[in-house]
Structure formats: structure tokens, C-alpha cells
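Colleague: What follows is the file work11.cif, containing mmCIF, C-alpha atoms:
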data_my_file
#
loop_
_atom_site.group_PDB
_atom_site.id
_atom_site.type_symbol
_atom_site.label_atom_id
_atom_site.label_comp_id
_atom_site.auth_asym_id
_atom_site.auth_seq_id
_atom_site.Cartn_x
_atom_site.Cartn_y
_atom_site.Cartn_z
ATOM 1 C CA MET A 457 1.298 26.319 -25.710
ATOM 2 C CA THR A 458 -1.511 25.961 -23.169
ATOM 3 C CA GLN A 459 -3.926 24.872 -25.898
ATOM 4 C CA PHE A 460 -1.371 22.348 -27.125
ATOM 5 C CA PHE A 461 -1.048 20.732 -23.671
ATOM 6 C CA SER A 462 -4.826 20.784 -23.216
ATOM 7 C CA LEU A 463 -5.331 19.050 -26.583
ATOM 8 C CA SER A 464 -2.575 16.539 -25.780
ATOM 9 C CA SER A 465 -4.117 15.639 -22.413
ATOM 10 C CA LYS A 466 -7.560 15.196 -23.990
ATOM 11 C CA THR A 467 -6.052 12.964 -26.685
ATOM 12 C CA ILE A 468 -4.313 10.815 -24.074
ATOM 13 C CA TRP A 469 -7.523 10.426 -22.073
ATOM 14 C CA LEU A 470 -9.387 9.529 -25.273
ATOM 15 C CA LEU A 471 -6.809 6.852 -26.157
ATOM 16 C CA ILE A 472 -7.088 5.420 -22.643
ATOM 17 C CA PHE A 473 -10.856 5.314 -22.341
ATOM 18 C CA LEU A 474 -11.857 4.599 -25.965
ATOM 19 C CA PRO A 475 -11.029 0.857 -25.909
ATOM 20 C CA ILE A 476 -12.448 0.488 -22.393
ATOM 21 C CA GLY A 477 -15.628 2.324 -23.349
ATOM 22 C CA SER A 478 -15.986 0.292 -26.538
ATOM 23 C CA LEU A 479 -15.667 -2.979 -24.635
ATOM 24 C CA PHE A 480 -18.162 -1.745 -22.058
ATOM 25 C CA CYS A 481 -20.761 -0.709 -24.654
ATOM 26 C CA LEU A 482 -20.398 -3.891 -26.688
ATOM 27 C CA SER A 483 -20.669 -6.079 -23.593
ATOM 28 C CA ILE A 484 -23.807 -4.530 -22.095
ATOM 29 C CA SER A 485 -25.665 -3.941 -25.365
ATOM 30 C CA GLN A 486 -27.589 -7.205 -24.976
ATOM 31 C CA VAL A 487 -27.775 -7.379 -21.184
ATOM 32 C CA THR A 488 -31.140 -8.118 -19.592
ATOM 33 C CA LEU A 489 -32.306 -7.813 -15.993
ATOM 34 C CA GLY A 490 -32.157 -11.568 -15.751
ATOM 35 C CA ASP A 491 -28.473 -11.489 -16.668
ATOM 36 C CA VAL A 492 -27.813 -8.852 -14.011
ATOM 37 C CA TYR A 493 -29.643 -10.831 -11.353
ATOM 38 C CA SER A 494 -28.056 -14.183 -12.182
ATOM 39 C CA THR A 495 -24.564 -12.643 -12.386
ATOM 40 C CA LEU A 496 -24.524 -10.339 -9.369
ATOM 41 C CA ILE A 497 -27.087 -11.599 -6.857
ATOM 42 C CA GLY A 498 -25.958 -15.211 -6.496
ATOM 43 C CA PRO A 499 -24.870 -16.221 -2.960
ATOM 44 C CA ARG A 500 -21.433 -17.309 -4.182
ATOM 45 C CA ARG A 501 -20.697 -13.926 -5.777
ATOM 46 C CA LEU A 502 -21.905 -12.052 -2.705
ATOM 47 C CA THR A 503 -19.669 -14.201 -0.502
ATOM 48 C CA LEU A 504 -16.673 -13.495 -2.727
ATOM 49 C CA LEU A 505 -17.430 -9.774 -2.684
ATOM 50 C CA MET A 506 -17.618 -9.711 1.113
ATOM 51 C CA ASN A 507 -14.394 -11.698 1.284
ATOM 52 C CA SER A 508 -12.646 -9.143 -0.951
ATOM 53 C CA ILE A 509 -13.997 -6.213 1.058
ATOM 54 C CA SER A 510 -12.819 -7.816 4.311
ATOM 55 C CA ILE A 511 -9.306 -8.390 2.935
ATOM 56 C CA ALA A 512 -9.154 -4.822 1.583
ATOM 57 C CA LEU A 513 -10.332 -3.291 4.882
ATOM 58 C CA ALA A 514 -7.889 -5.323 6.971
ATOM 59 C CA SER A 515 -4.993 -4.649 4.592
ATOM 60 C CA ALA A 516 -5.692 -0.915 4.550
ATOM 61 C CA LEU A 517 -5.925 -0.763 8.339
ATOM 62 C CA VAL A 518 -2.693 -2.714 8.913
ATOM 63 C CA SER A 519 -0.885 -0.702 6.231
ATOM 64 C CA VAL A 520 -1.963 2.603 7.783
ATOM 65 C CA VAL A 521 -0.850 1.510 11.266
ATOM 66 C CA ILE A 522 2.572 0.240 10.138
ATOM 67 C CA GLY A 523 3.084 3.104 7.681
ATOM 68 C CA THR A 524 2.167 5.790 10.221
ATOM 69 C CA PHE A 525 4.496 4.301 12.844
ATOM 70 C CA THR A 526 7.329 4.137 10.309
ATOM 71 C CA ALA A 527 6.744 7.689 9.089
ATOM 72 C CA PHE A 528 6.556 9.087 12.623
ATOM 73 C CA THR A 529 9.783 7.336 13.585
ATOM 74 C CA LEU A 530 11.680 8.605 10.548
ATOM 75 C CA VAL A 531 10.412 12.203 10.732
ATOM 76 C CA LYS A 532 9.810 12.906 14.413
ATOM 77 C CA ILE A 533 12.505 10.814 16.116
ATOM 78 C CA ARG A 534 16.259 11.018 15.615
ATOM 79 C CA CYS A 535 16.649 7.297 15.073
ATOM 80 C CA PHE A 536 19.909 5.647 14.078
ATOM 81 C CA GLY A 537 20.135 5.020 10.350
ATOM 82 C CA GLY A 538 17.186 7.312 9.619
ATOM 83 C CA SER A 539 18.745 8.678 6.423
ATOM 84 C CA LEU A 540 19.260 5.164 5.065
ATOM 85 C CA TYR A 541 15.732 4.140 6.026
ATOM 86 C CA ARG A 542 14.337 7.128 4.119
ATOM 87 C CA TYR A 543 16.044 5.865 0.977
ATOM 88 C CA LEU A 544 14.713 2.353 1.466
ATOM 89 C CA ILE A 545 11.183 3.080 2.675
ATOM 90 C CA ILE A 546 9.552 3.167 -0.775
ATOM 91 C CA LEU A 547 11.215 -0.045 -2.002
ATOM 92 C CA PRO A 548 8.596 -2.518 -0.650
ATOM 93 C CA PHE A 549 5.938 -0.768 -2.751
ATOM 94 C CA LEU A 550 8.085 -1.207 -5.867
ATOM 95 C CA VAL A 551 8.101 -4.997 -5.456
ATOM 96 C CA PRO A 552 4.931 -6.313 -7.189
ATOM 97 C CA SER A 553 2.455 -7.772 -4.735
ATOM 98 C CA TYR A 554 2.150 -11.023 -6.687
ATOM 99 C CA LEU A 555 5.925 -11.446 -6.426
ATOM 100 C CA GLN A 556 5.675 -10.923 -2.675
ATOM 101 C CA ALA A 557 2.981 -13.617 -2.599
ATOM 102 C CA VAL A 558 5.105 -16.103 -4.555
ATOM 103 C CA VAL A 559 8.197 -15.537 -2.414
ATOM 104 C CA TRP A 560 6.334 -15.656 0.887
ATOM 105 C CA THR A 561 4.574 -18.864 -0.143
ATOM 106 C CA ARG A 562 7.963 -20.464 -0.731
ATOM 107 C CA LEU A 563 9.390 -19.101 2.537
ATOM 108 C CA TRP A 564 6.305 -20.274 4.443
ATOM 109 C CA ILE A 565 6.828 -23.809 3.185
ATOM 110 C CA ASP A 566 10.631 -23.945 3.483
ATOM 111 C CA PHE A 567 10.760 -22.608 7.056
ATOM 112 C CA GLY A 568 7.534 -24.169 8.319
ATOM 113 C CA LEU A 569 6.159 -20.795 9.436
ATOM 114 C CA GLU A 570 2.648 -22.186 9.663
ATOM 115 C CA ASP A 571 3.673 -24.180 12.753
ATOM 116 C CA TYR A 572 5.015 -21.058 14.472
ATOM 117 C CA LEU A 573 2.419 -18.464 13.451
ATOM 118 C CA GLY A 574 -0.663 -20.669 13.376
ATOM 119 C CA PHE A 575 -2.090 -19.789 9.945
ATOM 120 C CA LYS A 576 -1.505 -20.715 6.329
ATOM 121 C CA ILE A 577 -0.098 -18.188 3.913
ATOM 122 C CA GLN A 578 -2.697 -19.405 1.398
ATOM 123 C CA SER A 579 -5.570 -17.809 3.296
ATOM 124 C CA ALA A 580 -7.276 -14.448 3.782
ATOM 125 C CA THR A 581 -4.863 -13.700 6.634
ATOM 126 C CA GLY A 582 -1.946 -14.472 4.337
ATOM 127 C CA ALA A 583 -3.372 -12.127 1.696
ATOM 128 C CA VAL A 584 -3.629 -9.333 4.273
ATOM 129 C CA LEU A 585 -0.016 -9.981 5.272
ATOM 130 C CA VAL A 586 1.255 -9.821 1.686
ATOM 131 C CA HIS A 587 -0.767 -6.717 0.800
ATOM 132 C CA SER A 588 0.340 -4.935 3.984
ATOM 133 C CA PHE A 589 4.012 -5.627 3.263
ATOM 134 C CA SER A 590 3.561 -4.066 -0.183
ATOM 135 C CA MET A 591 1.318 -1.112 0.665
ATOM 136 C CA PHE A 592 2.588 0.230 3.993
ATOM 137 C CA SER A 593 5.502 2.045 2.338
ATOM 138 C CA LEU A 594 3.060 4.057 0.195
ATOM 139 C CA VAL A 595 1.273 5.119 3.385
ATOM 140 C CA ALA A 596 4.606 5.927 5.020
ATOM 141 C CA ALA A 597 5.639 8.172 2.117
ATOM 142 C CA ILE A 598 2.373 10.140 2.257
ATOM 143 C CA VAL A 599 2.408 10.506 6.051
ATOM 144 C CA MET A 600 6.115 11.449 6.081
ATOM 145 C CA PHE A 601 5.352 14.304 3.696
ATOM 146 C CA ALA A 602 2.419 15.380 5.870
ATOM 147 C CA LEU A 603 4.520 15.316 9.050
ATOM 148 C CA SER A 604 7.256 17.363 7.387
ATOM 149 C CA LYS A 605 4.687 20.083 6.568
ATOM 150 C CA ILE A 606 3.427 20.526 10.142
ATOM 151 C CA ASP A 607 4.848 23.775 11.474
ATOM 152 C CA LYS A 608 7.081 23.349 14.504
ATOM 153 C CA ASN A 609 5.580 26.478 16.104
ATOM 154 C CA ILE A 610 2.193 24.776 16.438
ATOM 155 C CA GLU A 611 3.651 21.926 18.496
ATOM 156 C CA ASP A 612 5.865 24.279 20.518
ATOM 157 C CA ALA A 613 2.838 26.358 21.468
ATOM 158 C CA ALA A 614 0.912 23.240 22.465
ATOM 159 C CA ALA A 615 3.790 22.134 24.709
ATOM 160 C CA PHE A 616 3.055 25.024 27.101
ATOM 161 C CA SER A 617 -0.443 23.813 27.929
ATOM 162 C CA MET A 618 -0.415 20.022 27.538
ATOM 163 C CA THR A 619 1.801 16.972 27.747
ATOM 164 C CA ARG A 620 3.622 15.602 24.733
ATOM 165 C CA ARG A 621 1.326 12.583 24.476
ATOM 166 C CA ARG A 622 -1.761 14.790 24.634
ATOM 167 C CA ALA A 623 -0.284 17.111 21.995
ATOM 168 C CA LEU A 624 0.246 14.145 19.682
ATOM 169 C CA TRP A 625 -3.378 13.030 20.027
ATOM 170 C CA GLN A 626 -5.006 16.473 19.955
ATOM 171 C CA ILE A 627 -2.688 18.435 17.629
ATOM 172 C CA VAL A 628 -0.589 16.189 15.390
ATOM 173 C CA LEU A 629 -3.092 13.401 14.747
ATOM 174 C CA PRO A 630 -5.962 15.717 13.655
ATOM 175 C CA LEU A 631 -3.556 17.431 11.238
ATOM 176 C CA LEU A 632 -2.700 13.994 9.828
ATOM 177 C CA LYS A 633 -6.340 12.972 9.424
ATOM 178 C CA PRO A 634 -6.632 13.993 5.731
ATOM 179 C CA SER A 635 -3.425 12.148 4.849
ATOM 180 C CA LEU A 636 -4.475 9.057 6.783
ATOM 181 C CA MET A 637 -7.867 9.001 5.074
ATOM 182 C CA VAL A 638 -6.300 9.415 1.630
ATOM 183 C CA SER A 639 -3.785 6.648 2.401
ATOM 184 C CA PHE A 640 -6.490 4.317 3.690
ATOM 185 C CA SER A 641 -8.663 4.932 0.613
ATOM 186 C CA ILE A 642 -5.806 4.379 -1.854
ATOM 187 C CA VAL A 643 -4.736 1.105 -0.229
ATOM 188 C CA PHE A 644 -8.330 -0.094 0.116
ATOM 189 C CA ILE A 645 -9.094 0.499 -3.581
ATOM 190 C CA LEU A 646 -5.817 -1.017 -4.786
ATOM 191 C CA VAL A 647 -6.308 -4.164 -2.701
ATOM 192 C CA LEU A 648 -10.022 -4.431 -3.491
ATOM 193 C CA ASN A 649 -9.292 -4.570 -7.230
ATOM 194 C CA ASN A 650 -6.217 -6.792 -6.987
ATOM 195 C CA PHE A 651 -6.455 -10.355 -8.296
ATOM 196 C CA GLU A 652 -2.751 -11.263 -8.613
ATOM 197 C CA VAL A 653 -2.280 -12.059 -4.925
ATOM 198 C CA ALA A 654 -5.450 -14.177 -4.853
ATOM 199 C CA ASP A 655 -4.200 -16.057 -7.904
ATOM 200 C CA SER A 656 -0.753 -16.649 -6.349
ATOM 201 C CA LEU A 657 -2.165 -17.713 -2.976
ATOM 202 C CA ARG A 658 -5.011 -19.767 -4.471
ATOM 203 C CA ILE A 659 -7.765 -18.012 -2.531
ATOM 204 C CA ASN A 660 -11.192 -17.026 -3.826
ATOM 205 C CA THR A 661 -11.834 -13.308 -4.212
ATOM 206 C CA TYR A 662 -14.202 -11.228 -6.324
ATOM 207 C CA PRO A 663 -11.577 -9.722 -8.705
ATOM 208 C CA PHE A 664 -10.247 -13.234 -9.346
ATOM 209 C CA GLU A 665 -13.766 -14.213 -10.406
ATOM 210 C CA ILE A 666 -13.701 -11.391 -12.964
ATOM 211 C CA PHE A 667 -10.294 -12.546 -14.169
ATOM 212 C CA ILE A 668 -11.628 -16.085 -14.667
ATOM 213 C CA SER A 669 -14.617 -14.771 -16.642
ATOM 214 C CA TYR A 670 -12.278 -13.055 -19.088
ATOM 215 C CA SER A 671 -9.336 -15.448 -19.258
ATOM 216 C CA ALA A 672 -10.932 -18.872 -18.816
ATOM 217 C CA PHE A 673 -14.441 -18.480 -20.252
ATOM 218 C CA TYR A 674 -13.894 -15.454 -22.562
ATOM 219 C CA ASN A 675 -17.205 -14.097 -21.282
ATOM 220 C CA GLU A 676 -16.811 -10.338 -21.695
ATOM 221 C CA LYS A 677 -20.420 -9.581 -20.811
ATOM 222 C CA GLU A 678 -20.194 -11.378 -17.483
ATOM 223 C CA GLY A 679 -16.807 -9.795 -16.752
ATOM 224 C CA VAL A 680 -18.154 -6.279 -17.314
ATOM 225 C CA LEU A 681 -21.229 -6.951 -15.180
ATOM 226 C CA LEU A 682 -19.102 -8.336 -12.386
ATOM 227 C CA SER A 683 -16.962 -5.193 -12.411
ATOM 228 C CA PHE A 684 -19.930 -2.940 -11.541
ATOM 229 C CA PRO A 685 -19.857 -3.578 -7.765
ATOM 230 C CA LEU A 686 -16.108 -2.881 -7.585
ATOM 231 C CA ILE A 687 -16.514 0.338 -9.582
ATOM 232 C CA PHE A 688 -19.415 1.433 -7.387
ATOM 233 C CA ILE A 689 -17.578 0.687 -4.127
ATOM 234 C CA SER A 690 -14.410 2.434 -5.339
ATOM 235 C CA MET A 691 -16.361 5.535 -6.370
ATOM 236 C CA LEU A 692 -18.205 5.495 -3.056
ATOM 237 C CA VAL A 693 -14.926 5.401 -1.112
ATOM 238 C CA ILE A 694 -13.399 8.177 -3.240
ATOM 239 C CA GLY A 695 -16.515 10.335 -2.886
ATOM 240 C CA PHE A 696 -16.666 9.879 0.879
ATOM 241 C CA THR A 697 -12.959 10.673 1.260
ATOM 242 C CA VAL A 698 -13.121 13.801 -0.899
ATOM 243 C CA THR A 699 -16.276 15.027 0.845
ATOM 244 C CA THR A 700 -14.756 14.509 4.279
ATOM 245 C CA ILE A 701 -11.438 16.233 3.633
ATOM 246 C CA LYS A 702 -12.407 18.849 1.039
ATOM 247 C CA LYS A 703 -11.952 21.657 3.585
ATOM 248 C CA HIS A 704 -8.552 20.383 4.714
ATOM 249 C CA ASN A 705 -5.085 20.424 3.268
ATOM 250 C CA TYR A 706 -4.432 16.932 1.929
ATOM 251 C CA PHE A 707 -0.940 16.633 3.353
ATOM 252 C CA GLY A 708 -0.718 18.949 6.364
ATOM 253 C CA VAL A 709 -0.139 22.609 7.145
ATOM 254 C CA LYS A 710 2.788 24.972 7.128
ATOM 255 C CA LEU A 711 2.232 28.363 8.738
ATOM 256 C CA GLY A 712 5.743 29.614 9.260
ATOM 257 C CA SER A 713 9.185 28.104 9.236
ATOM 258 C CA HIS A 714 9.877 24.792 7.571
ATOM 259 C CA SER A 715 11.625 23.364 10.620
ATOM 260 C CA ILE A 716 10.363 20.048 11.956
ATOM 261 C CA LYS A 717 9.879 19.366 15.637
ATOM 262 C CA GLN A 718 11.572 16.158 16.709
ATOM 263 C CA TYR A 719 11.047 14.335 19.972
ATOM 264 C CA SER A 720 13.748 13.024 22.249
ATOM 265 C CA VAL A 721 13.092 9.473 23.418
ATOM 266 C CA GLY A 722 16.466 8.849 25.045
ATOM 267 C CA HIS A 723 17.763 5.309 24.826
ATOM 268 C CA TYR A 724 14.455 4.180 23.288
ATOM 269 C CA ARG A 725 15.656 5.568 19.962
ATOM 270 C CA TRP A 726 17.439 2.234 19.527
ATOM 271 C CA LEU A 727 14.112 0.422 19.868
ATOM 272 C CA PHE A 728 12.482 2.638 17.236
ATOM 273 C CA SER A 729 15.452 2.144 14.910
ATOM 274 C CA ILE A 730 15.361 -1.628 15.345
ATOM 275 C CA ALA A 731 11.584 -1.708 14.837
ATOM 276 C CA VAL A 732 11.792 0.169 11.521
ATOM 277 C CA GLY A 733 14.752 -1.968 10.479
ATOM 278 C CA LEU A 734 12.757 -5.139 11.169
ATOM 279 C CA ILE A 735 9.809 -3.797 9.191
ATOM 280 C CA LEU A 736 12.057 -3.145 6.187
ATOM 281 C CA LEU A 737 13.785 -6.487 6.661
ATOM 282 C CA VAL A 738 10.536 -8.450 6.603
ATOM 283 C CA SER A 739 8.793 -6.406 3.916
ATOM 284 C CA PHE A 740 11.639 -5.970 1.423
ATOM 285 C CA LEU A 741 15.097 -7.308 2.217
ATOM 286 C CA LEU A 742 13.985 -10.822 3.159
ATOM 287 C CA PRO A 743 11.649 -11.444 0.184
ATOM 288 C CA PHE A 744 14.049 -9.652 -2.181
ATOM 289 C CA GLY A 745 16.970 -11.784 -1.000
ATOM 290 C CA ALA A 746 14.857 -14.937 -1.156
ATOM 291 C CA MET A 747 13.810 -14.055 -4.697
ATOM 292 C CA PHE A 748 17.460 -13.870 -5.760
ATOM 293 C CA HIS A 749 18.223 -17.082 -3.892
ATOM 294 C CA TYR A 750 15.434 -19.023 -5.596
ATOM 295 C CA ALA A 751 15.847 -17.469 -9.053
ATOM 296 C CA LEU A 752 19.624 -17.198 -9.506
ATOM 297 C CA PRO A 753 22.469 -19.679 -9.078
ATOM 298 C CA LEU A 754 24.655 -19.145 -6.006
ATOM 299 C CA GLU A 755 27.700 -17.956 -7.975
ATOM 300 C CA THR A 756 25.619 -15.438 -9.933
ATOM 301 C CA SER A 757 24.161 -14.070 -6.690
ATOM 302 C CA LYS A 758 27.657 -13.668 -5.197
ATOM 303 C CA THR A 759 28.890 -11.825 -8.300
ATOM 304 C CA LEU A 760 25.872 -9.507 -8.220
ATOM 305 C CA LEU A 761 26.306 -8.725 -4.512
ATOM 306 C CA ILE A 762 30.008 -7.973 -5.003
ATOM 307 C CA SER A 763 29.208 -5.574 -7.856
ATOM 308 C CA LEU A 764 26.616 -3.787 -5.677
ATOM 309 C CA THR A 765 28.916 -3.456 -2.652
ATOM 310 C CA PRO A 766 30.084 0.109 -3.554
ATOM 311 C CA CYS A 767 26.445 1.255 -3.732
ATOM 312 C CA PHE A 768 25.670 -0.224 -0.316
ATOM 313 C CA THR A 769 28.796 1.353 1.125
ATOM 314 C CA THR A 770 27.803 4.788 -0.170
ATOM 315 C CA LEU A 771 24.286 4.455 1.281
ATOM 316 C CA LEU A 772 25.598 3.391 4.695
ATOM 317 C CA TYR A 773 28.127 6.226 4.718
ATOM 318 C CA SER A 774 25.433 8.818 3.902
ATOM 319 C CA ALA A 775 23.144 7.370 6.601
ATOM 320 C CA PHE A 776 25.586 7.347 9.464
#
Please express the file's structure as C-alpha cells.

Modeller:
Amino acid sequence: MTQFFSLSSKTIWLLIFLPIGSLFCLSISQVTLGDVYSTLIGPRRLTLLMNSISIALASALVSVVIGTFTAFTLVKIRCFGGSLYRYLIILPFLVPSYLQAVVWTRLWIDFGLEDYLGFKIQSATGAVLVHSFSMFSLVAAIVMFALSKIDKNIEDAAAFSMTRRRALWQIVLPLLKPSLMVSFSIVFILVLNNFEVADSLRINTYPFEIFISYSAFYNEKEGVLLSFPLIFISMLVIGFTVTTIKKHNYFGVKLGSHSIKQYSVGHYRWLFSIAVGLILLVSFLLPFGAMFHYALPLETSKTLLISLTPCFTTLLYSAF
């Protein structure tokens, strides 16, 4: 049985990489140094690459900040509606980023958000916004798992010698470091290689240049050459992350009981609950509702909402 699964996995990998490897070999078989220089070293391509790296770095940073705050609120604080939020937290990641870009472009125009926020959605800042709304929930899921694996006894012992804030910075945060680094790397690589958002927002990025080489000019050789920097940067990020955290548990530690230490924040629990609710509203409920509004007739939307009412009622009942 073990040999069967081993052979099956090797066959699957072969089926995945055989067409990619064939395209790669055929495309670079007649490549010269002049082709490499003219394709990769031009000032326009370098500018696009730096633009893509900047968007990926900013998106990863914003996603980690929002995702970590959301995860900490749902795991460490007894916030109102926490059970419902845990069901909904992964939904923004399930909405394709290009769909987020299309919906937010329409909302930006219809509500004149540029006048209030001071930037166009069809810009690098807009791309960071769209990517962050899609990716933060992935970070939240990883960090929530890591927080749930931190033994309560570790934090209880730290409470005898330091304040709660100091314990968070010196005990909890170092234990989350591997998970935060993994989350940052995953988001960075996904955004770096994404061209759908750039296409929807009409901004120039390096992956979009590769897409144009294939789809518009049918230039496979140029497309493969252009992919080298993205492959190299992605491998560099993965290698650095693995090297840094290879001696750590990827998702946290669990020495004894599985109980989770939660913090009492008094009346501020309402603020944390509202903050997470607003994050979910902006990242999923608003674009999802707008998508239905723009795509479906009003009567169809009403019928759909009525049919889903029992599901919403069950979720709310289980949450509260």
C-alpha cells in the first residue's frame, strides 16, 4: 500500500511538471545572452519588478497586522459573536482577488471614495488594499491555530514576574514568530506572482508583463525568461523563511494542557468585537453584497436572501 501511494504521488508530480518542464526547455533552447540582457535588464522591466515587490511587501505587512489582530481577538479575548466570526474569518480568502478588485473599483466610483480617502483604487495603494482584504484571513487562520497551541501554563507562569503587556511582547509574540514569518512569506509570494488584480485595476506590474508576453504576443521564450526573477525571489524568500524557523515549531508549542489563556478587557470587549466585525464587513460582506447587487436583478437577490435566512439564523444562534 505504501509503494502504491508513493508511485501515485510521483505520477501526479510528473503529470504536473512534465508540461511545465517541456515548455521551459523548448523556450530556452535557443536563448542567447543578448536575449537575457534585452529581456531582463531593461529599465522598464526593472521598474515593474520593483513596483511588484513594493506591492507584495506592503500587502504582506498589512495582511499580517490585520490578520494577527483578528486572530488575537478571536482566540485570546472573549468578544461578542466570536463563534460566528470564527466561521466567517476564512471567507474573504475564498473570494478571488480579481473579483475583489472588480467590485471595489465599482464601489469606488459609485460612492466617490476617492474624494474621501484621497487615492484612486486603480493605483499601487489600491492594489495593496485589495490584496490585504483577500489575504488577511489566511494569516488569521494560521495565527489562530498558533495561538490555540500556546500552553496556558506558560503565560500563567509569566504573569507572576511581569505585566500582561510585557508577557505579550516577551512570551506570546516570540512564540508566534514562526507563524508570522510563514504567513508573511506565503502572502508575499502569492501577491508577487499575481497578475489578475493588476489587470483589473489597470496598473503595471511585472507578472502582468509576463501575462502580456504569453497572451498578447504569444512569445513563450520571453515569458519564460521574464519568470526567472519571480522564481528566484520566491525561492529566496522560502529559503530564508525555512532557514530562520527550522529550529522552531511552525505553529506554536503545547507543553501540557490544551486550555487557552484568555484576557479580560472589560467593556473594551465591545470595541474588539466591533473592530473585527468591521474588518469582516469591509473585506467580505460589503464586496460580496455589492457583487450580488451588480450581478443579479433585485427580485432574484431578495429570493436568494430569503432562502438563506434559515442558515443565517442557525449561525447567529450558535454564535450567541

Colleague: Written as a list in words, which residues does the PyMOL selection byres ((chain A and resi 508) around 8) give for the file shown?

Modeller: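 Selection result, ordered by chain and number: Leu504, Leu505, Met506, Asn507, Ile509, Ser510, Ile511, Ala512, Leu648, Thr661, Tyr662 and Pro663 of chain A.
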
Colleague: Could you tell me how far atom CA of Val653 of chain A sits from atom CA of Leu550 of chain A, in Å to one decimal place?

Modeller: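 Straight-line distance from atom CA of Leu550 of chain A to atom CA of Val653 of chain A works out to 15.0 Å.
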
Colleague: I want to know what sits within 12 Å of Ile565 of chain A, based on only C-alpha atoms, with residues of the same chain fewer than 6 positions away left out; could you give that as a PDB file with C-alpha atoms, in the frame of the given file?

Modeller:
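To be explicit, this is the file written out as around01.pdb:
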ATOM      1  CA  VAL A 558       5.105 -16.103  -4.555  1.00  0.00           C
ATOM      2  CA  VAL A 559       8.197 -15.537  -2.414  1.00  0.00           C
ATOM      3  CA  ASP A 571       3.673 -24.180  12.753  1.00  0.00           C
ATOM      4  CA  TYR A 572       5.015 -21.058  14.472  1.00  0.00           C
ATOM      5  CA  PHE A 575      -2.090 -19.789   9.945  1.00  0.00           C
ATOM      6  CA  LYS A 576      -1.505 -20.715   6.329  1.00  0.00           C
ATOM      7  CA  ILE A 577      -0.098 -18.188   3.913  1.00  0.00           C
ATOM      8  CA  GLN A 578      -2.697 -19.405   1.398  1.00  0.00           C
TER       9      GLN A 578
END

Colleague: Nearest to Val638 of chain A among A:Tyr750, A:Phe744, A:Phe696, A:Trp564, with distances taken over all atoms listed in the file: which residue is it?

Modeller: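 For Val638 of chain A, the nearest of the candidates is A:Phe696.
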
Colleague: So which residues get picked by the PyMOL selection byres ((chain A and resi 735) around 12) here, written as a PyMOL selection string?

Modeller: chain A and resi 519+522-523+525-527+529+541+544-545+547-548+588-590+592-593+596+728-734+736-743

Colleague: Name all residues at most 9 Å from Gln718 of chain A (count only C-alpha atoms; drop same-chain ones fewer than 5 positions away) and give them as number ranges by chain.

Modeller: A: 531-534, 608

Colleague: Grab the atom CA of Ile668 of chain A to atom CA of Leu513 of chain A distance for me, in Å with one decimal place.

Modeller: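 Result for atom CA of Ile668 of chain A versus atom CA of Leu513 of chain A: 23.4 Å, one decimal.
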
Colleague: Can you tell me how far atom CA of Ile659 of chain A sits from atom CA of Ser579 of chain A, in Å to one decimal?

Modeller: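 Between these atoms lies a distance of 6.2 Å.
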
Colleague: For the file shown, what are the residues hit by the PyMOL selection byres ((chain A and resi 599) around 8), laid out as a tab-separated table (two decimals) with C-alpha atoms, keeping the file's coordinate frame?

Modeller:
chain	number	residue	atom	x	y	z
A	523	GLY	CA	3.08	3.10	7.68
A	524	THR	CA	2.17	5.79	10.22
A	527	ALA	CA	6.74	7.69	9.09
A	528	PHE	CA	6.56	9.09	12.62
A	595	VAL	CA	1.27	5.12	3.38
A	596	ALA	CA	4.61	5.93	5.02
A	597	ALA	CA	5.64	8.17	2.12
A	598	ILE	CA	2.37	10.14	2.26
A	600	MET	CA	6.12	11.45	6.08
A	601	PHE	CA	5.35	14.30	3.70
A	602	ALA	CA	2.42	15.38	5.87
A	603	LEU	CA	4.52	15.32	9.05
A	632	LEU	CA	-2.70	13.99	9.83
A	635	SER	CA	-3.42	12.15	4.85
A	636	LEU	CA	-4.47	9.06	6.78
A	707	PHE	CA	-0.94	16.63	3.35

Colleague: With all atoms listed in the file as the basis for distance, which of A:Gly722, A:Gly568, A:Gly498, A:Gly695 is at the shortest distance from Met637 of chain A?

Modeller: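 Distance minimum relative to Met637 of chain A lands on A:Gly695.
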
Colleague: Can you tell me which residues surround Ile694 of chain A at a distance of at most 10 Å, considering all atoms listed in the file, apart from same-chain residues fewer than 6 positions away, and format the answer as a ChimeraX atom specification?

Modeller: /A:638,641-642,645,688,700

Colleague: Show me the residues close to (-2.1, -14.5, -7.3) - anything with an atom within 12 Å, counting only C-alpha atoms - and format the list as a VMD selection string.

Modeller: chain A and resid 552 to 561 577 to 579 582 to 583 586 to 587 650 to 661 663 to 664 667
